[in-house]
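Pasting query.csv here (CSV, C-alpha atoms):
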chain,number,residue,atom,x,y,z
A,1,MET,CA,31.7,16.7,-5.7
A,2,HIS,CA,35.0,18.5,-5.7
A,3,ARG,CA,35.4,20.7,-8.8
A,4,LEU,CA,38.8,21.5,-10.2
A,5,LYS,CA,39.8,25.1,-10.7
A,6,ASN,CA,42.9,27.1,-11.8
A,7,LEU,CA,43.2,25.0,-15.0
A,8,PHE,CA,43.0,27.8,-17.6
A,9,GLU,CA,46.6,29.0,-16.9
A,10,HIS,CA,47.9,25.5,-17.7
A,11,VAL,CA,45.9,25.4,-21.0
A,12,CYS,CA,47.2,28.7,-22.3
A,13,SER,CA,50.8,28.4,-21.0
A,14,MET,CA,53.6,28.3,-23.5
A,15,GLY,CA,54.8,25.1,-22.0
A,16,ASN,CA,51.5,23.5,-23.0
A,17,LEU,CA,50.9,25.3,-26.4
A,18,ARG,CA,54.3,24.2,-27.8
A,19,PRO,CA,53.8,20.4,-27.4
A,20,ALA,CA,50.2,20.9,-28.4
A,21,ALA,CA,51.3,22.4,-31.7
A,22,LYS,CA,53.7,19.5,-32.3
A,23,GLU,CA,50.9,17.0,-31.7
A,24,ALA,CA,48.6,18.9,-34.1
A,25,LEU,CA,51.3,18.7,-36.8
A,26,ARG,CA,51.7,14.9,-36.4
A,27,GLY,CA,51.0,13.3,-39.7
A,28,LYS,CA,50.4,16.6,-41.5
A,29,ARG,CA,53.9,18.0,-42.0
A,30,SER,CA,53.6,18.1,-45.7
A,31,ARG,CA,50.3,20.1,-45.7
A,32,PRO,CA,50.4,23.8,-46.2
A,33,PRO,CA,48.5,25.0,-43.1
A,34,GLY,CA,50.7,23.2,-40.6
A,35,ALA,CA,53.9,24.1,-42.5
A,36,MET,CA,53.0,27.8,-42.6
A,37,PHE,CA,52.2,27.8,-38.9
A,38,PHE,CA,55.5,26.3,-38.0
A,39,MET,CA,57.4,28.6,-40.4
A,40,GLU,CA,56.2,31.5,-38.2
A,41,LEU,CA,56.1,29.4,-35.0
A,42,GLU,CA,57.9,32.0,-32.9
A,43,LYS,CA,55.3,34.6,-33.9
A,44,GLU,CA,52.2,32.4,-34.0
A,45,LEU,CA,52.5,30.8,-30.5
A,46,PRO,CA,53.0,34.1,-28.5
A,47,ALA,CA,50.1,35.7,-30.4
A,48,LEU,CA,47.9,32.7,-29.7
A,49,HIS,CA,49.0,32.8,-26.0
A,50,GLU,CA,48.2,36.5,-25.7
A,51,GLU,CA,44.7,36.0,-27.3
A,52,LEU,CA,43.9,33.2,-24.9
A,53,CYS,CA,45.0,35.1,-21.8
A,54,ASP,CA,43.3,38.4,-22.9
A,55,GLY,CA,40.0,36.6,-23.7
A,56,THR,CA,40.1,37.9,-27.3
A,57,TYR,CA,40.5,34.5,-28.9
A,58,THR,CA,37.7,33.4,-31.2
A,59,HIS,CA,37.4,30.1,-33.0
A,60,GLY,CA,37.7,30.3,-36.8
A,61,GLY,CA,35.5,28.8,-39.5
A,62,TYR,CA,35.5,25.2,-40.7
A,63,HIS,CA,36.2,23.7,-44.1
A,64,TYR,CA,33.5,21.1,-44.6
A,65,PHE,CA,33.8,18.1,-47.0
A,66,TRP,CA,32.0,14.8,-47.4
A,67,ILE,CA,33.5,11.3,-47.1
A,68,HIS,CA,31.4,8.4,-48.5
A,69,ASP,CA,33.3,5.3,-47.3
A,70,PRO,CA,32.0,3.3,-45.4
A,71,LYS,CA,29.1,5.7,-45.2
A,72,ASP,CA,28.3,9.4,-45.8
A,73,ARG,CA,29.8,11.7,-43.2
A,74,LEU,CA,30.3,15.5,-43.1
A,75,VAL,CA,33.8,16.2,-41.8
A,76,ALA,CA,34.8,19.6,-40.5
A,77,ALA,CA,38.4,20.7,-40.8
A,78,ALA,CA,39.3,23.5,-38.4
A,79,PRO,CA,42.1,26.1,-39.0
A,80,PHE,CA,45.5,24.9,-37.8
A,81,ARG,CA,45.8,27.4,-35.0
A,82,ASP,CA,42.4,26.3,-33.6
A,83,ARG,CA,43.6,22.7,-33.7
A,84,VAL,CA,46.5,23.7,-31.5
A,85,VAL,CA,44.0,25.1,-29.0
A,86,HIS,CA,42.0,21.8,-29.2
A,87,HIS,CA,45.1,19.8,-28.3
A,88,ALA,CA,46.0,22.2,-25.6
A,89,ILE,CA,42.6,21.8,-23.9
A,90,VAL,CA,42.6,18.0,-24.2
A,91,ARG,CA,46.2,17.7,-22.8
A,92,VAL,CA,45.0,19.3,-19.6
A,93,ILE,CA,41.5,17.9,-19.0
A,94,GLU,CA,41.9,14.4,-20.4
A,95,PRO,CA,43.8,13.0,-17.5
A,96,ILE,CA,41.1,14.4,-15.1
A,97,PHE,CA,38.3,12.6,-16.9
A,98,GLU,CA,40.3,9.5,-17.6
A,99,LYS,CA,40.1,8.6,-13.9
A,100,ARG,CA,36.3,8.8,-14.1
A,101,PHE,CA,35.9,6.6,-17.2
A,102,ILE,CA,35.1,2.9,-16.8
A,103,GLU,CA,37.6,0.3,-17.9
A,104,ASP,CA,35.4,-1.1,-20.7
A,105,SER,CA,35.2,2.1,-22.8
A,106,TYR,CA,37.6,1.7,-25.7
A,107,ALA,CA,37.2,4.6,-28.1
A,108,CYS,CA,39.8,7.4,-28.4
A,109,ARG,CA,41.8,6.5,-25.3
A,110,VAL,CA,45.4,5.7,-24.8
A,111,GLY,CA,46.0,2.0,-24.6
A,112,LYS,CA,42.6,1.1,-26.0
A,113,GLY,CA,41.2,0.9,-29.5
A,114,THR,CA,39.3,-1.4,-31.8
A,115,HIS,CA,41.5,-4.4,-31.2
A,116,ALA,CA,41.4,-4.2,-27.4
A,117,ALA,CA,37.6,-3.7,-27.7
A,118,MET,CA,37.4,-6.9,-29.9
A,119,ARG,CA,39.4,-8.9,-27.4
A,120,ARG,CA,37.2,-7.8,-24.5
A,121,ALA,CA,34.1,-8.6,-26.5
A,122,LEU,CA,35.5,-12.1,-27.2
A,123,HIS,CA,36.2,-12.6,-23.5
A,124,PHE,CA,32.6,-11.9,-22.7
A,125,ALA,CA,31.2,-13.9,-25.6
A,126,ARG,CA,33.1,-17.0,-24.4
A,127,GLY,CA,31.4,-16.8,-21.0
A,128,HIS,CA,27.8,-15.8,-22.0
A,129,LYS,CA,25.1,-17.2,-24.1
A,130,TYR,CA,23.5,-14.0,-25.5
A,131,ALA,CA,24.6,-10.5,-26.5
A,132,LEU,CA,22.5,-7.4,-26.9
A,133,LYS,CA,23.9,-5.1,-29.6
A,134,CYS,CA,23.0,-1.4,-29.3
A,135,ASP,CA,23.8,1.7,-31.3
A,136,VAL,CA,22.9,5.4,-31.0
A,137,THR,CA,21.1,7.1,-33.9
A,138,LYS,CA,23.3,9.9,-35.4
A,139,TYR,CA,25.3,10.2,-32.3
A,140,PHE,CA,27.6,13.2,-33.0
A,141,PRO,CA,24.9,15.4,-34.6
A,142,SER,CA,22.6,14.6,-31.6
A,143,ILE,CA,24.9,15.6,-28.8
A,144,ASP,CA,23.2,18.5,-26.8
A,145,HIS,CA,25.6,21.4,-26.0
A,146,GLU,CA,23.8,22.3,-22.8
A,147,VAL,CA,23.8,18.8,-21.5
A,148,LEU,CA,27.4,18.3,-22.4
A,149,MET,CA,28.5,21.5,-20.7
A,150,GLY,CA,26.6,20.4,-17.6
A,151,LEU,CA,28.5,17.1,-17.5
A,152,VAL,CA,31.8,18.9,-17.9
A,153,GLY,CA,30.9,21.5,-15.3
A,154,ARG,CA,30.4,18.8,-12.7
A,155,VAL,CA,34.1,18.2,-12.8
A,156,ILE,CA,35.7,21.5,-13.9
A,157,GLY,CA,35.0,24.6,-11.9
A,158,ASP,CA,37.3,27.0,-13.9
A,159,ARG,CA,34.9,29.5,-15.5
A,160,ARG,CA,37.5,30.8,-18.1
A,161,LEU,CA,38.2,27.2,-19.2
A,162,LEU,CA,34.4,26.5,-19.4
A,163,ASP,CA,34.0,29.6,-21.5
A,164,LEU,CA,36.8,28.5,-23.9
A,165,LEU,CA,35.1,25.1,-24.3
A,166,ALA,CA,31.7,26.8,-24.9
A,167,GLY,CA,33.3,28.8,-27.6
A,168,VAL,CA,34.7,25.7,-29.3
A,169,LEU,CA,31.2,24.1,-29.1
A,170,ASP,CA,29.5,27.2,-30.4
A,171,SER,CA,31.7,27.2,-33.5
A,172,HIS,CA,29.6,24.4,-35.0
A,173,ALA,CA,26.0,23.2,-34.7
A,174,ASP,CA,24.2,20.5,-36.8
A,175,ALA,CA,20.8,21.7,-35.6
A,176,VAL,CA,19.1,24.4,-33.5
A,177,ILE,CA,16.0,22.9,-31.8
A,178,GLN,CA,13.2,25.1,-30.5
A,179,GLU,CA,11.3,23.9,-27.5
A,180,TRP,CA,8.2,25.4,-25.8
A,181,PRO,CA,8.0,24.7,-22.0
A,182,GLU,CA,4.6,23.6,-20.6
A,183,GLY,CA,2.3,26.7,-20.3
A,184,ALA,CA,4.7,29.0,-22.3
A,185,GLY,CA,3.5,31.4,-24.9
A,186,LEU,CA,4.1,31.4,-28.6
A,187,PHE,CA,7.3,33.4,-28.4
A,188,GLU,CA,8.5,31.9,-25.1
A,189,TYR,CA,10.5,29.1,-26.5
A,190,LYS,CA,13.9,27.7,-25.6
A,191,THR,CA,16.6,26.8,-28.2
A,192,ARG,CA,19.0,23.9,-28.0
A,193,ARG,CA,22.1,23.6,-30.1
A,194,THR,CA,23.2,20.1,-31.0
A,195,GLY,CA,26.1,18.5,-32.8
A,196,LEU,CA,29.8,18.1,-32.5
A,197,PRO,CA,32.0,18.5,-35.6
A,198,ILE,CA,33.5,15.2,-36.8
A,199,GLY,CA,37.2,15.9,-37.1
A,200,ASN,CA,38.0,17.9,-33.9
A,201,LEU,CA,40.1,16.2,-31.2
A,202,THR,CA,37.8,17.8,-28.7
A,203,SER,CA,34.8,16.2,-30.3
A,204,GLN,CA,36.2,12.7,-29.8
A,205,PHE,CA,37.1,13.4,-26.2
A,206,LEU,CA,33.8,15.1,-25.3
A,207,ALA,CA,31.8,12.3,-27.0
A,208,ASN,CA,33.3,9.9,-24.5
A,209,VAL,CA,32.4,12.3,-21.7
A,210,TYR,CA,28.8,12.5,-23.0
A,211,LEU,CA,28.2,8.7,-22.7
A,212,ASN,CA,30.1,8.3,-19.4
A,213,PRO,CA,26.8,8.5,-17.4
A,214,LEU,CA,25.5,5.6,-19.5
A,215,ASP,CA,28.6,3.5,-18.7
A,216,HIS,CA,28.2,4.0,-15.0
A,217,PHE,CA,24.4,3.4,-15.2
A,218,VAL,CA,25.0,0.0,-16.9
A,219,LYS,CA,27.8,-1.0,-14.6
A,220,HIS,CA,26.5,0.3,-11.2
A,221,GLU,CA,22.7,0.3,-11.5
A,222,LEU,CA,22.0,-2.5,-13.9
A,223,ARG,CA,24.9,-4.5,-12.5
A,224,VAL,CA,26.0,-5.8,-15.9
A,225,ARG,CA,29.5,-7.1,-15.9
A,226,GLY,CA,29.6,-8.1,-19.5
A,227,TYR,CA,29.5,-4.6,-21.0
A,228,VAL,CA,31.8,-3.1,-23.6
A,229,ARG,CA,31.5,0.2,-25.5
A,230,TYR,CA,33.3,1.7,-28.5
A,231,MET,CA,32.0,5.3,-29.0
A,232,ASP,CA,28.3,4.9,-29.7
A,233,ASP,CA,28.4,1.2,-30.4
A,234,PHE,CA,28.1,-1.0,-27.2
A,235,LEU,CA,27.3,-4.6,-26.2
A,236,LEU,CA,25.6,-6.2,-23.2
A,237,PHE,CA,26.3,-9.9,-22.5
A,238,GLY,CA,24.1,-12.2,-20.4
A,239,ASP,CA,22.7,-15.7,-20.1
A,240,GLU,CA,19.0,-14.7,-20.0
A,241,ARG,CA,17.2,-13.2,-22.9
A,242,ALA,CA,14.4,-11.6,-20.7
A,243,ALA,CA,17.0,-9.9,-18.5
A,244,LEU,CA,18.8,-8.4,-21.5
A,245,ARG,CA,15.5,-7.1,-23.0
A,246,GLU,CA,14.7,-5.4,-19.7
A,247,HIS,CA,18.2,-3.8,-19.7
A,248,GLY,CA,17.6,-2.6,-23.2
A,249,ASN,CA,14.4,-0.9,-22.2
A,250,ARG,CA,16.0,0.9,-19.3
A,251,ILE,CA,19.0,1.9,-21.5
A,252,ARG,CA,16.5,3.5,-23.9
A,253,ASP,CA,15.1,5.6,-21.0
A,254,LYS,CA,18.6,6.6,-20.0
A,255,LEU,CA,19.5,7.7,-23.5
A,256,ALA,CA,16.3,9.8,-23.6
A,257,GLU,CA,17.6,11.7,-20.6
A,258,LEU,CA,20.6,12.6,-22.7
A,259,HIS,CA,18.4,13.5,-25.7
A,260,LEU,CA,19.6,10.5,-27.6
A,261,ARG,CA,17.7,7.7,-29.4
A,262,MET,CA,18.5,4.0,-29.9
A,263,HIS,CA,19.0,3.0,-33.5
A,264,PRO,CA,16.1,0.7,-34.3
A,265,ASP,CA,17.9,-1.2,-37.1
A,266,LYS,CA,21.0,-1.9,-35.0
A,267,TYR,CA,19.3,-3.1,-31.8
A,268,ARG,CA,19.6,-6.9,-31.9
A,269,LEU,CA,19.6,-9.7,-29.4
A,270,MET,CA,21.6,-12.6,-30.6
A,271,PRO,CA,23.2,-15.9,-29.4
A,272,THR,CA,27.0,-15.6,-29.1
A,273,ASP,CA,27.6,-19.0,-30.8
A,274,THR,CA,26.3,-17.5,-34.1
A,275,GLY,CA,28.7,-14.5,-34.0
A,276,VAL,CA,28.6,-11.0,-32.6
A,277,ASP,CA,29.6,-8.1,-34.9
A,278,PHE,CA,31.6,-5.5,-33.0
A,279,ALA,CA,34.4,-3.0,-33.8
A,280,GLY,CA,35.0,-4.4,-37.3
A,281,PHE,CA,35.2,-8.1,-36.3
A,282,VAL,CA,32.8,-10.9,-35.6
A,283,VAL,CA,33.5,-12.9,-32.4
A,284,PHE,CA,32.1,-16.3,-31.5
A,285,ALA,CA,31.5,-18.1,-28.3
A,286,ASP,CA,34.0,-20.9,-29.3
A,287,GLY,CA,36.8,-18.4,-29.6
A,288,ARG,CA,36.8,-17.8,-33.3
A,289,VAL,CA,37.3,-14.3,-34.7
A,290,ARG,CA,36.5,-13.3,-38.2
A,291,VAL,CA,36.9,-10.0,-40.0
A,292,ARG,CA,33.6,-8.2,-40.9
A,293,SER,CA,32.7,-9.0,-44.5
A,294,SER,CA,31.8,-5.5,-45.4
A,295,SER,CA,35.3,-4.2,-44.4
A,296,VAL,CA,36.9,-7.0,-46.5
A,297,ARG,CA,34.9,-6.1,-49.5
A,298,ARG,CA,35.7,-2.4,-49.0
A,299,PHE,CA,39.5,-3.1,-48.9
A,300,ASP,CA,39.3,-5.5,-51.8
A,301,ARG,CA,37.6,-2.9,-53.9
A,302,ARG,CA,40.3,-0.3,-53.0
A,303,TYR,CA,43.1,-2.7,-53.5
A,304,ARG,CA,41.9,-3.7,-57.0
A,305,HIS,CA,41.6,-0.1,-57.9
A,306,LEU,CA,45.1,0.6,-56.8
A,307,LEU,CA,46.4,-2.4,-58.7
A,308,TRP,CA,44.6,-1.1,-61.8
A,309,GLU,CA,46.4,2.2,-61.4
A,310,VAL,CA,49.7,0.5,-61.0
A,311,ASN,CA,49.1,-1.6,-64.1
A,312,HIS,CA,48.3,1.6,-66.1
A,313,LYS,CA,51.4,3.4,-64.8
A,314,LEU,CA,49.3,5.9,-62.8
A,315,ARG,CA,50.8,5.0,-59.5
A,316,VAL,CA,54.1,3.5,-58.4
A,317,PRO,CA,54.0,0.0,-56.7
A,318,ALA,CA,55.6,1.5,-53.6
A,319,ASP,CA,52.4,3.3,-52.9
A,320,LEU,CA,50.7,0.0,-52.1
A,321,THR,CA,53.1,-1.0,-49.4
A,322,PRO,CA,51.8,1.1,-46.4
A,323,ARG,CA,48.2,0.3,-47.3
A,324,VAL,CA,48.8,-3.4,-47.5
A,325,GLN,CA,50.9,-3.5,-44.4
A,326,ALA,CA,48.2,-1.5,-42.4
A,327,TRP,CA,45.4,-3.8,-43.5
A,328,GLY,CA,47.4,-6.9,-42.9
A,329,ALA,CA,48.3,-5.8,-39.4
A,330,HIS,CA,44.6,-5.1,-38.8
A,331,VAL,CA,43.2,-8.4,-40.0
A,332,ARG,CA,46.0,-10.4,-38.3
A,333,HIS,CA,44.1,-10.0,-35.0
A,334,ALA,CA,41.6,-12.5,-36.4
A,335,GLN,CA,41.9,-16.0,-38.0
A,336,SER,CA,42.6,-14.5,-41.4
A,337,TYR,CA,45.5,-16.4,-43.0
A,338,GLY,CA,43.2,-17.7,-45.8
A,339,LEU,CA,41.7,-14.3,-46.2
A,340,ARG,CA,45.0,-12.6,-46.5
A,341,SER,CA,46.2,-15.2,-49.0
A,342,ASP,CA,43.0,-14.8,-51.1
A,343,VAL,CA,43.0,-11.0,-51.1
A,344,LEU,CA,46.7,-10.3,-51.3
A,345,GLY,CA,48.0,-13.4,-53.0
A,346,ARG,CA,47.8,-12.1,-56.5
A,347,LYS,CA,50.1,-10.4,-58.9
A,348,ARG,CA,48.8,-7.4,-60.8
A,349,GLY,CA,45.3,-8.5,-59.9
A,350,ARG,CA,44.8,-10.9,-62.9
A,351,LYS,CA,45.9,-14.3,-61.6
A,352,ARG,CA,43.6,-14.2,-58.6
A,353,VAL,CA,40.6,-13.4,-60.8
A,354,ALA,CA,41.5,-16.2,-63.2
A,355,GLY,CA,42.1,-18.6,-60.4
A,356,ARG,CA,38.8,-17.7,-58.8
A,357,ARG,CA,36.9,-18.3,-62.1
A,358,GLN,CA,38.7,-21.6,-62.6
A,359,ARG,CA,37.7,-22.7,-59.1
A,360,VAL,CA,34.1,-21.7,-59.6
A,361,VAL,CA,33.9,-23.5,-63.0
A,362,SER,CA,35.5,-26.7,-61.5
A,363,ARG,CA,33.1,-26.6,-58.6
A,364,LEU,CA,30.1,-26.3,-60.8
A,365,ALA,CA,31.4,-29.1,-63.0
A,366,GLY,CA,31.8,-31.3,-60.0
A,367,ARG,CA,28.2,-30.6,-58.9
A,368,VAL,CA,27.0,-31.5,-62.4
A,369,VAL,CA,28.9,-34.8,-62.4
A,370,GLN,CA,27.6,-35.6,-58.9
A,371,GLN,CA,24.0,-35.0,-60.0
A,372,GLN,CA,24.5,-37.2,-63.0
A,373,ARG,CA,25.8,-40.0,-60.9
A,374,GLN,CA,22.8,-39.8,-58.6
A,375,GLN,CA,20.2,-39.9,-61.4
A,376,PRO,CA,19.2,-43.3,-62.6
A,377,ALA,CA,20.4,-44.3,-66.0
A,378,ARG,CA,18.0,-43.7,-68.8
A,379,VAL,CA,17.4,-46.4,-71.4
A,380,GLU,CA,17.2,-44.9,-74.8
A,381,PRO,CA,14.6,-46.6,-77.1
A,382,GLN,CA,16.2,-48.4,-80.1
A,383,GLN,CA,15.6,-46.8,-83.4
A,384,GLN,CA,13.8,-49.0,-85.9
A,385,GLN,CA,15.9,-49.9,-88.9
A,386,PRO,CA,14.2,-49.2,-92.2
A,387,ASP,CA,13.3,-52.4,-94.1
A,388,GLU,CA,15.1,-53.5,-97.2
A,389,ARG,CA,12.2,-52.5,-99.4
A,390,GLU,CA,12.4,-48.9,-98.3
A,391,GLN,CA,16.1,-48.9,-98.8
A,392,GLN,CA,15.7,-50.1,-102.3
A,393,HIS,CA,13.2,-47.4,-103.3
A,394,ARG,CA,15.4,-44.6,-101.9
A,395,VAL,CA,17.0,-42.4,-104.6
A,396,PRO,CA,20.5,-41.2,-103.8
A,397,CYS,CA,21.0,-37.5,-103.9
A,398,LEU,CA,23.4,-36.6,-106.7
A,399,ARG,CA,25.7,-33.8,-106.2
A,400,SER,CA,26.4,-31.5,-109.1
A,401,PRO,CA,30.0,-31.4,-110.2

Please rewrite the model in this file as structure tokens.
Amino acid sequence: MHRLKNLFEHVCSMGNLRPAAKEALRGKRSRPPGAMFFMELEKELPALHEELCDGTYTHGGYHYFWIHDPKDRLVAAAPFRDRVVHHAIVRVIEPIFEKRFIEDSYACRVGKGTHAAMRRALHFARGHKYALKCDVTKYFPSIDHEVLMGLVGRVIGDRRLLDLLAGVLDSHADAVIQEWPEGAGLFEYKTRRTGLPIGNLTSQFLANVYLNPLDHFVKHELRVRGYVRYMDDFLLFGDERAALREHGNRIRDKLAELHLRMHPDKYRLMPTDTGVDFAGFVVFADGRVRVRSSSVRRFDRRYRHLLWEVNHKLRVPADLTPRVQAWGAHVRHAQSYGLRSDVLGRKRGRKRVAGRRQRVVSRLAGRVVQQQRQQPARVEPQQQQPDEREQQHRVPCLRSP
């Protein structure tokens, strides 16, 4: 295979670093690191260009923080000047690998995304009876640096660019694994560094490169037409359950070659007419599309909290507008008119709660009335009237004045 060289000069050129800095600043103009870098842009860019060309550039440390929604993730924020280098690298090598990616890989690619992935999954669901849902266990922390550099080295032959990429990878590691080859002594072990930092642009791009062999394996060796992948979450469609199970076993072996493992709890074979959960939506064989229930509950919880802050004068109502517009544009790709009316059709968060309670009470009352109608009428026994003799002997109770 022909390997491309003479790419490092394009990466570190001023014509590439300047637009890379603008892309790194996108959406972060009000934050101090980017603002300070652009305040001294005419000094920072030439200095960064000189360090890259001289080979004295070293990647800085990360600022780590946790996010807990929808699940716990450790995010790594690199210094701004290092983010400029990440964008500069991706701007040069992404078009090279883009030609080698399959069409049905939808994560972190121009013109793709979750909505395009959902529509592709819907297309396959309408034409097949079954779907095999697969997921990789702890994908980003499990990516092997040596395997990844081997995949990149098959396409890129520029040693200086490979060294720059290796420096970016060495700036972070989730684990260092020690391995003893067969017949080796106690101290003759080999170490493997694993893990990509969640938050780097290079991590998103290289994660697609890492699973590109799996994509070609499924398409060209297993001959599965109904295949769609979004990062480490992928689906296989077919009409025979046994064939999909066999494909799943062979995919496990292929992932083992990449030092990855299939997630045991997210490996499911399901009929498409009962719904296939993928990329935040649930697609059905009859063409229906629903929003994932967990994402609806998550937004509803955030929205109610924001409404509470607005009611208590802790936030202005204008802060809700971009969040509501973004969520509405997202769920509009599904049949979600009733959902949007139910979640957003309230004022200050109180009318909707009261209306929901009233609907629940009326529904329960209707069930009680229906059950009473279905039960046979009970005949109450007549109470015996006391005879006249007992009534005559009764002494009236006198009340004291």

(message) If we count all atoms listed in the file and set the cut-off at 7 Å, which residues sit around stretch 27-34 of chain A, ignoring sequence neighbours fewer than 3 positions away in its own chain? Please answer as a VMD selection string.
(response) chain A and resid 37 to 38 80

(message) Using only C-alpha atoms for the distances, tell me which of A:Gly238, A:Gly127, A:Pro141, A:Gly150 is nearest to A:Met270.
(response)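 Under the stated criterion, the closest residue is A:Gly238.
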
(message) Env of A:Gln178: 9 Å cut, atoms = only C-alpha atoms, seq-sep filter 5 positions within chain, self excluded. Answer as a PyMOL selection string.
(response) chain A and resi 189-192

(message) Neighbouring residues of A:Gly280 were defined as those with any atom within 10 Å, considering all atoms listed in the file; residues of the same chain fewer than 6 positions away were excluded. Please report them as a list of chain:residue names.
(response) A:Thr114, A:His115, A:Ala117, A:Met118, A:Arg290, A:Val291, A:Arg292, A:Ser293, A:Ser294, A:Ser295, A:Val296, A:His330, A:Val331

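Remark: for A:His216, the closest of the candidate residues A:Val228, A:Met262, A:Leu186, A:Ile89 is A:Val228 (distances computed over all atoms listed in the file).
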
(message) I need every residue sitting at most 12 Å from the point (32.3, 3.5, -46.0) (coordinates as in the file, only C-alpha atoms considered), written as a count of residues only.
(response) 16

(request) Go through A:Leu211, A:Leu196, A:Ala131, A:Leu48 one by one, measure the shortest atom-to-atom distance of each to A:Val224 using only C-alpha atoms, and give the residue with the smallest value. (result)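 Answer, going by the shortest atom-to-atom distance: A:Ala131.
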
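Minimum distance to A:Arg268 across A:Val324, A:Ala166, A:Leu132, A:Met36 (counting only C-alpha atoms) occurs at A:Leu132.
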